[in-house]
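Trainee: One structure is given below, represented as structure tokens, and several questions about it will come after.
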Amino acid sequence: DFEDDGNGVRYISINEFVDGMGTTDDYFARVEGATKEVYVSGIGATGQILSLETEDYTGFNGAYYYAAEDTDDLEGQGNPNGADLKVIVFNTIDIAGYADLEFSGLFAANSLDCGASRYDIEEKMEIYYSVDGAPFSQALCFRADLECSGAGDITNESFNQDTNCDGDGDGQQLLPAFVPFSFSIPETGTSMNLRIEVVADASGEEMAFDYLRVT
């Protein structure tokens, strides 16, 4: 969960940042839901408030969630690096003696209907896991709903679950209200690692996650 600053304690997010004057649409960091104020590790409350495209996020767990928009910004507070891809790696989880594990979390986006939204072919929010140091498996994916408004159309689409992680969001659309998604972890072992990869390279391409659990 993101109720306090877990960067360097529960997870590593090297390139947390926020850029803006008063309101912002460039960030990768924790957000306080009630105020929409952005919190960057090592800085705390930055004074920057999310300027969301449509509606405010709802349904997050507790008071804070983690969010991203226009992640390739090269200015601002924190550690922006100008790269589209932003990554969070979570601390190793002890799974010795456990079986039939399941990952679950809450996910949201400020996605509009097909053809009226901002998400393009490169935008993504994806969850990967690894057991006992094996290569990471891609397990839960969200991508733009490609060609939803016509053949060859790969821009300004809605942001949906990509049910087979092939790069095309063919499943449930993400909206500003957080909803739960999960996946099974069939492997057994002694340790597991999780990471989240996000790409959102323009204003209006907003996505968020919260309350991540392995049970």
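Chain labels run A, B, ... following the order of the structure tokens; each chain numbers its residues from 1, and ligands are numbered from 1 in the order shown.
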Could you name the residues that touch stretch 135-144 of chain A at 7 Å or less, counting only C-alpha atoms, but leaving out those on the same chain fewer than 4 positions away, as an MDAnalysis selection string?
Mentor: chainID A and resid 119:121 123:130 157:163 165 167:169 183
Trainee: Once you have the residues from the selection above, write them out as a compact mmCIF listing (two decimals), in the first residue's frame, restricted to N, CA, C and O atoms.
Mentor:
```txt
# COMPACT_ATOMS: atom_id res chain seq x y z
N TYR A 119 -5.00 7.73 -25.04
CA TYR A 119 -3.99 6.67 -24.95
C TYR A 119 -3.64 6.14 -26.35
O TYR A 119 -4.52 5.87 -27.16
N ASP A 120 -2.33 5.97 -26.57
CA ASP A 120 -1.83 5.53 -27.87
C ASP A 120 -1.20 4.14 -27.74
O ASP A 120 -1.16 3.56 -26.66
N ILE A 121 -0.66 3.65 -28.84
CA ILE A 121 -0.16 2.28 -28.89
C ILE A 121 0.95 2.01 -27.88
O ILE A 121 1.09 0.88 -27.38
N GLU A 123 1.38 3.39 -24.78
CA GLU A 123 1.04 3.53 -23.36
C GLU A 123 0.77 2.16 -22.73
O GLU A 123 0.14 1.29 -23.36
N LYS A 124 1.22 2.00 -21.48
CA LYS A 124 0.99 0.72 -20.82
C LYS A 124 1.09 0.86 -19.31
O LYS A 124 1.70 1.79 -18.78
N MET A 125 0.49 -0.10 -18.62
CA MET A 125 0.69 -0.34 -17.20
C MET A 125 0.69 -1.85 -17.03
O MET A 125 -0.32 -2.51 -17.29
N GLU A 126 1.84 -2.42 -16.64
CA GLU A 126 2.01 -3.87 -16.64
C GLU A 126 2.66 -4.35 -15.35
O GLU A 126 3.54 -3.68 -14.81
N ILE A 127 2.22 -5.52 -14.90
CA ILE A 127 2.73 -6.12 -13.67
C ILE A 127 3.45 -7.41 -14.02
O ILE A 127 2.93 -8.24 -14.77
N TYR A 128 4.64 -7.56 -13.48
CA TYR A 128 5.49 -8.72 -13.71
C TYR A 128 5.84 -9.36 -12.36
O TYR A 128 5.91 -8.68 -11.33
N TYR A 129 6.11 -10.69 -12.39
CA TYR A 129 6.57 -11.35 -11.17
C TYR A 129 7.65 -12.38 -11.51
O TYR A 129 7.75 -12.87 -12.64
N SER A 130 8.45 -12.70 -10.51
CA SER A 130 9.50 -13.70 -10.64
C SER A 130 9.58 -14.50 -9.35
O SER A 130 9.53 -13.92 -8.25
N GLU A 157 -7.12 6.28 -27.99
CA GLU A 157 -8.03 5.18 -27.67
C GLU A 157 -8.31 5.12 -26.18
O GLU A 157 -7.65 5.78 -25.37
N SER A 158 -9.26 4.29 -25.79
CA SER A 158 -9.51 4.03 -24.37
C SER A 158 -8.39 3.15 -23.82
O SER A 158 -7.62 2.55 -24.58
N PHE A 159 -8.31 3.05 -22.51
CA PHE A 159 -7.25 2.29 -21.83
C PHE A 159 -7.91 1.11 -21.12
O PHE A 159 -8.69 1.30 -20.17
N ASN A 160 -7.61 -0.10 -21.58
CA ASN A 160 -8.32 -1.30 -21.17
C ASN A 160 -7.37 -2.37 -20.67
O ASN A 160 -6.17 -2.33 -20.96
N GLN A 161 -7.92 -3.37 -19.99
CA GLN A 161 -7.11 -4.55 -19.71
C GLN A 161 -6.76 -5.24 -21.03
O GLN A 161 -7.60 -5.38 -21.92
N ASP A 162 -5.51 -5.64 -21.13
CA ASP A 162 -5.03 -6.43 -22.26
C ASP A 162 -5.00 -7.87 -21.77
O ASP A 162 -4.06 -8.30 -21.11
N THR A 163 -6.03 -8.63 -22.09
CA THR A 163 -6.25 -9.93 -21.44
C THR A 163 -5.17 -10.96 -21.76
O THR A 163 -4.95 -11.88 -20.97
N CYS A 165 -1.98 -9.86 -22.94
CA CYS A 165 -0.72 -9.12 -22.92
C CYS A 165 -0.03 -9.10 -24.28
O CYS A 165 1.20 -9.23 -24.39
N GLY A 167 -0.40 -6.39 -26.34
CA GLY A 167 -0.23 -5.01 -26.73
C GLY A 167 -1.50 -4.32 -27.16
O GLY A 167 -1.48 -3.13 -27.52
N ASP A 168 -2.66 -5.02 -27.10
CA ASP A 168 -3.95 -4.46 -27.51
C ASP A 168 -4.95 -4.63 -26.38
O ASP A 168 -5.25 -5.76 -25.97
N GLY A 169 -5.45 -3.52 -25.84
CA GLY A 169 -6.38 -3.58 -24.71
C GLY A 169 -7.75 -4.04 -25.13
O GLY A 169 -8.61 -3.24 -25.52
N PHE A 183 -4.36 -11.99 -10.54
CA PHE A 183 -3.88 -13.13 -11.32
C PHE A 183 -3.31 -14.18 -10.38
O PHE A 183 -2.85 -13.87 -9.27
```
Trainee: For A:Phe178, please output as an MDAnalysis selection string all residues within 10 Å (counting only C-alpha atoms; exclusion window: fewer than 6 positions along the same chain).
Mentor: chainID A and resid 57:61 105:109 208:210
Trainee: Which residue gives the smallest distance to A:Ala134 among A:Gly189, A:Leu146, A:Asp72, A:Pro176, with only C-alpha atoms counted?
Mentor: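 Ranked by minimum distance to A:Ala134, first place goes to A:Gly189.
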Trainee: By how many Å are atom CA of A:Val198 and atom CA of A:Asp153 apart?
Mentor: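 Calculated distance between atom CA of A:Val198 and atom CA of A:Asp153 is 21.7 Å.
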Trainee: May I have the residues within 8 Å of A:Thr71 as a PDB file with N, CA, C and O atoms, in the first residue's frame, using only C-alpha atoms and disregarding those fewer than 4 positions away in the same chain?
Mentor:
```
ATOM      1  N   ASP A  26       2.325  16.219 -15.068  1.00  0.00           N
ATOM      2  CA  ASP A  26       3.594  15.505 -15.284  1.00  0.00           C
ATOM      3  C   ASP A  26       4.052  14.952 -13.938  1.00  0.00           C
ATOM      4  O   ASP A  26       4.522  15.721 -13.083  1.00  0.00           O
ATOM      5  N   TYR A  27       3.962  13.642 -13.739  1.00  0.00           N
ATOM      6  CA  TYR A  27       4.305  13.090 -12.423  1.00  0.00           C
ATOM      7  C   TYR A  27       4.409  11.570 -12.487  1.00  0.00           C
ATOM      8  O   TYR A  27       3.847  10.916 -13.369  1.00  0.00           O
ATOM      9  N   PHE A  28       5.125  11.032 -11.528  1.00  0.00           N
ATOM     10  CA  PHE A  28       5.182   9.599 -11.246  1.00  0.00           C
ATOM     11  C   PHE A  28       5.496   9.499  -9.763  1.00  0.00           C
ATOM     12  O   PHE A  28       6.649   9.613  -9.352  1.00  0.00           O
ATOM     13  N   GLY A  82      13.461  11.915 -18.080  1.00  0.00           N
ATOM     14  CA  GLY A  82      13.098  12.123 -19.471  1.00  0.00           C
ATOM     15  C   GLY A  82      12.716  10.878 -20.232  1.00  0.00           C
ATOM     16  O   GLY A  82      12.391  10.958 -21.422  1.00  0.00           O
ATOM     17  N   ALA A  83      12.729   9.708 -19.578  1.00  0.00           N
ATOM     18  CA  ALA A  83      12.379   8.454 -20.251  1.00  0.00           C
ATOM     19  C   ALA A  83      10.886   8.182 -20.133  1.00  0.00           C
ATOM     20  O   ALA A  83      10.264   8.474 -19.100  1.00  0.00           O
ATOM     21  N   ASP A  84      10.304   7.609 -21.183  1.00  0.00           N
ATOM     22  CA  ASP A  84       8.892   7.226 -21.134  1.00  0.00           C
ATOM     23  C   ASP A  84       8.633   6.199 -20.041  1.00  0.00           C
ATOM     24  O   ASP A  84       7.656   6.292 -19.290  1.00  0.00           O
ATOM     25  N   LEU A  85       9.496   5.175 -19.976  1.00  0.00           N
ATOM     26  CA  LEU A  85       9.290   4.048 -19.072  1.00  0.00           C
ATOM     27  C   LEU A  85       9.662   4.413 -17.640  1.00  0.00           C
ATOM     28  O   LEU A  85      10.765   4.893 -17.378  1.00  0.00           O
ATOM     29  N   LYS A  86       8.736   4.143 -16.734  1.00  0.00           N
ATOM     30  CA  LYS A  86       8.998   4.270 -15.302  1.00  0.00           C
ATOM     31  C   LYS A  86       8.706   2.924 -14.642  1.00  0.00           C
ATOM     32  O   LYS A  86       7.753   2.226 -15.033  1.00  0.00           O
ATOM     33  N   VAL A 199       4.204   3.351 -18.927  1.00  0.00           N
ATOM     34  CA  VAL A 199       4.550   4.319 -19.965  1.00  0.00           C
ATOM     35  C   VAL A 199       3.345   5.214 -20.185  1.00  0.00           C
ATOM     36  O   VAL A 199       2.247   4.726 -20.464  1.00  0.00           O
ATOM     37  N   ALA A 200       3.537   6.504 -20.027  1.00  0.00           N
ATOM     38  CA  ALA A 200       2.473   7.496 -20.272  1.00  0.00           C
ATOM     39  C   ALA A 200       3.169   8.767 -20.727  1.00  0.00           C
ATOM     40  O   ALA A 200       3.559   9.586 -19.907  1.00  0.00           O
ATOM     41  N   ASP A 201       3.337   8.929 -22.044  1.00  0.00           N
ATOM     42  CA  ASP A 201       4.275   9.943 -22.515  1.00  0.00           C
ATOM     43  C   ASP A 201       3.642  11.255 -22.939  1.00  0.00           C
ATOM     44  O   ASP A 201       4.277  12.057 -23.627  1.00  0.00           O
ATOM     45  N   ALA A 202       2.388  11.498 -22.530  1.00  0.00           N
ATOM     46  CA  ALA A 202       1.766  12.772 -22.893  1.00  0.00           C
ATOM     47  C   ALA A 202       0.723  13.175 -21.857  1.00  0.00           C
ATOM     48  O   ALA A 202       0.204  12.335 -21.108  1.00  0.00           O
TER      49      ALA A 202
END
```
Trainee: I'd like the contact shell of A:Ile88 - 6 Å cut-off, only C-alpha atoms, skipping same-chain residues fewer than 6 positions apart - returned as a PyMOL selection string.
Mentor: chain A and resi 12-13+195-196
Trainee: Which residue gives the smallest distance to A:Asn79 among A:Glu206, A:Asp132, A:Asp25, A:Glu16, with only C-alpha atoms counted?
Mentor: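 Closest residue, counting only C-alpha atoms: A:Glu16.
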Trainee: Quick one: DSSP strand (DSSP E or B) residues in stretch 43-188 of chain A, as a ChimeraX atom specification?
Mentor: /A:44-50,58,64-69,77-78,85-90,93-94,101-109,119,124-131,137-144,157,159-161,173,177,179-185
Trainee: As an exercise, work out the distance from atom CA of A:Val89 to atom CA of A:Leu212 in Å and give it to one decimal place.
Mentor: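 Straight-line distance from atom CA of A:Val89 to atom CA of A:Leu212 works out to 12.4 Å.
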Trainee: With distances taken over only C-alpha atoms, which residue among A:Gly171, A:Gly150, A:Gly204, A:Gly44 lies nearest A:Gly78?
Mentor: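 Using only C-alpha atoms, the shortest distance to A:Gly78 belongs to A:Gly44.
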Trainee: With only C-alpha atoms as the basis for distance, which of A:Met207, A:Asn15, A:Asp166, A:Ala96 is at the shortest distance from A:Leu50?
Mentor: A:Met207
Trainee: Just want the 12 Å neighbourhood of A:Thr35, counted on only C-alpha atoms, with same-chain residues fewer than 6 positions away dropped. Output as a JSON list (two decimals) with N, CA, C and O atoms, in the first residue's frame.
Mentor:
```
[["chain", "number", "residue", "atom", "x", "y", "z"],
["A", 23, "THR", "N", -0.71, 23.43, -10.42],
["A", 23, "THR", "CA", -1.30, 22.17, -10.85],
["A", 23, "THR", "C", -0.34, 21.51, -11.83],
["A", 23, "THR", "O", 0.48, 22.16, -12.48],
["A", 45, "ALA", "N", 5.29, 16.40, 0.71],
["A", 45, "ALA", "CA", 4.29, 17.15, -0.04],
["A", 45, "ALA", "C", 4.97, 18.22, -0.89],
["A", 45, "ALA", "O", 5.74, 19.03, -0.38],
["A", 46, "THR", "N", 4.71, 18.21, -2.18],
["A", 46, "THR", "CA", 5.41, 19.10, -3.10],
["A", 46, "THR", "C", 4.65, 20.39, -3.37],
["A", 46, "THR", "O", 5.19, 21.31, -3.98],
["A", 47, "GLY", "N", 3.38, 20.44, -2.97],
["A", 47, "GLY", "CA", 2.56, 21.60, -3.29],
["A", 47, "GLY", "C", 1.94, 21.54, -4.67],
["A", 47, "GLY", "O", 1.17, 22.42, -5.04],
["A", 48, "GLN", "N", 2.27, 20.49, -5.43],
["A", 48, "GLN", "CA", 1.70, 20.33, -6.77],
["A", 48, "GLN", "C", 0.43, 19.49, -6.70],
["A", 48, "GLN", "O", 0.40, 18.45, -6.04],
["A", 49, "ILE", "N", -0.61, 19.91, -7.38],
["A", 49, "ILE", "CA", -1.92, 19.26, -7.36],
["A", 49, "ILE", "C", -2.22, 18.69, -8.75],
["A", 49, "ILE", "O", -2.00, 19.36, -9.76],
["A", 50, "LEU", "N", -2.72, 17.46, -8.78],
["A", 50, "LEU", "CA", -3.04, 16.85, -10.07],
["A", 50, "LEU", "C", -4.10, 17.66, -10.80],
["A", 50, "LEU", "O", -5.10, 18.07, -10.24],
["A", 51, "SER", "N", -3.84, 17.89, -12.08],
["A", 51, "SER", "CA", -4.81, 18.51, -12.97],
["A", 51, "SER", "C", -5.35, 17.41, -13.87],
["A", 51, "SER", "O", -4.82, 17.16, -14.96],
["A", 56, "ASP", "N", -11.98, 13.08, -10.97],
["A", 56, "ASP", "CA", -11.05, 12.70, -9.91],
["A", 56, "ASP", "C", -11.10, 11.19, -9.71],
["A", 56, "ASP", "O", -12.14, 10.55, -9.89],
["A", 57, "TYR", "N", -9.98, 10.62, -9.26],
["A", 57, "TYR", "CA", -9.96, 9.21, -8.91],
["A", 57, "TYR", "C", -10.81, 8.95, -7.67],
["A", 57, "TYR", "O", -10.82, 9.76, -6.72],
["A", 63, "ALA", "N", -5.80, 6.60, 2.13],
["A", 63, "ALA", "CA", -5.72, 8.01, 1.77],
["A", 63, "ALA", "C", -4.84, 8.29, 0.56],
["A", 63, "ALA", "O", -4.96, 9.35, -0.05],
["A", 64, "TYR", "N", -3.97, 7.35, 0.18],
["A", 64, "TYR", "CA", -2.99, 7.60, -0.89],
["A", 64, "TYR", "C", -3.04, 6.50, -1.94],
["A", 64, "TYR", "O", -3.41, 5.35, -1.66],
["A", 65, "TYR", "N", -2.62, 6.84, -3.14],
["A", 65, "TYR", "CA", -2.42, 5.88, -4.21],
["A", 65, "TYR", "C", -1.19, 6.31, -5.00],
["A", 65, "TYR", "O", -0.59, 7.35, -4.73]]
```
Trainee: Using only C-alpha atoms, which of the listed residues (A:Asn91, A:Asp100, A:Gly76, A:Ser182) sits closest to A:Val18?
Mentor: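 Between A:Asn91, A:Asp100, A:Gly76, A:Ser182, the residue approaching A:Val18 most closely is A:Gly76.
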Trainee: What does the distance from atom CA of A:Phe90 to atom CA of A:Arg30 come to in Å, to one decimal?
Mentor: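 The value is 14.8 Å.
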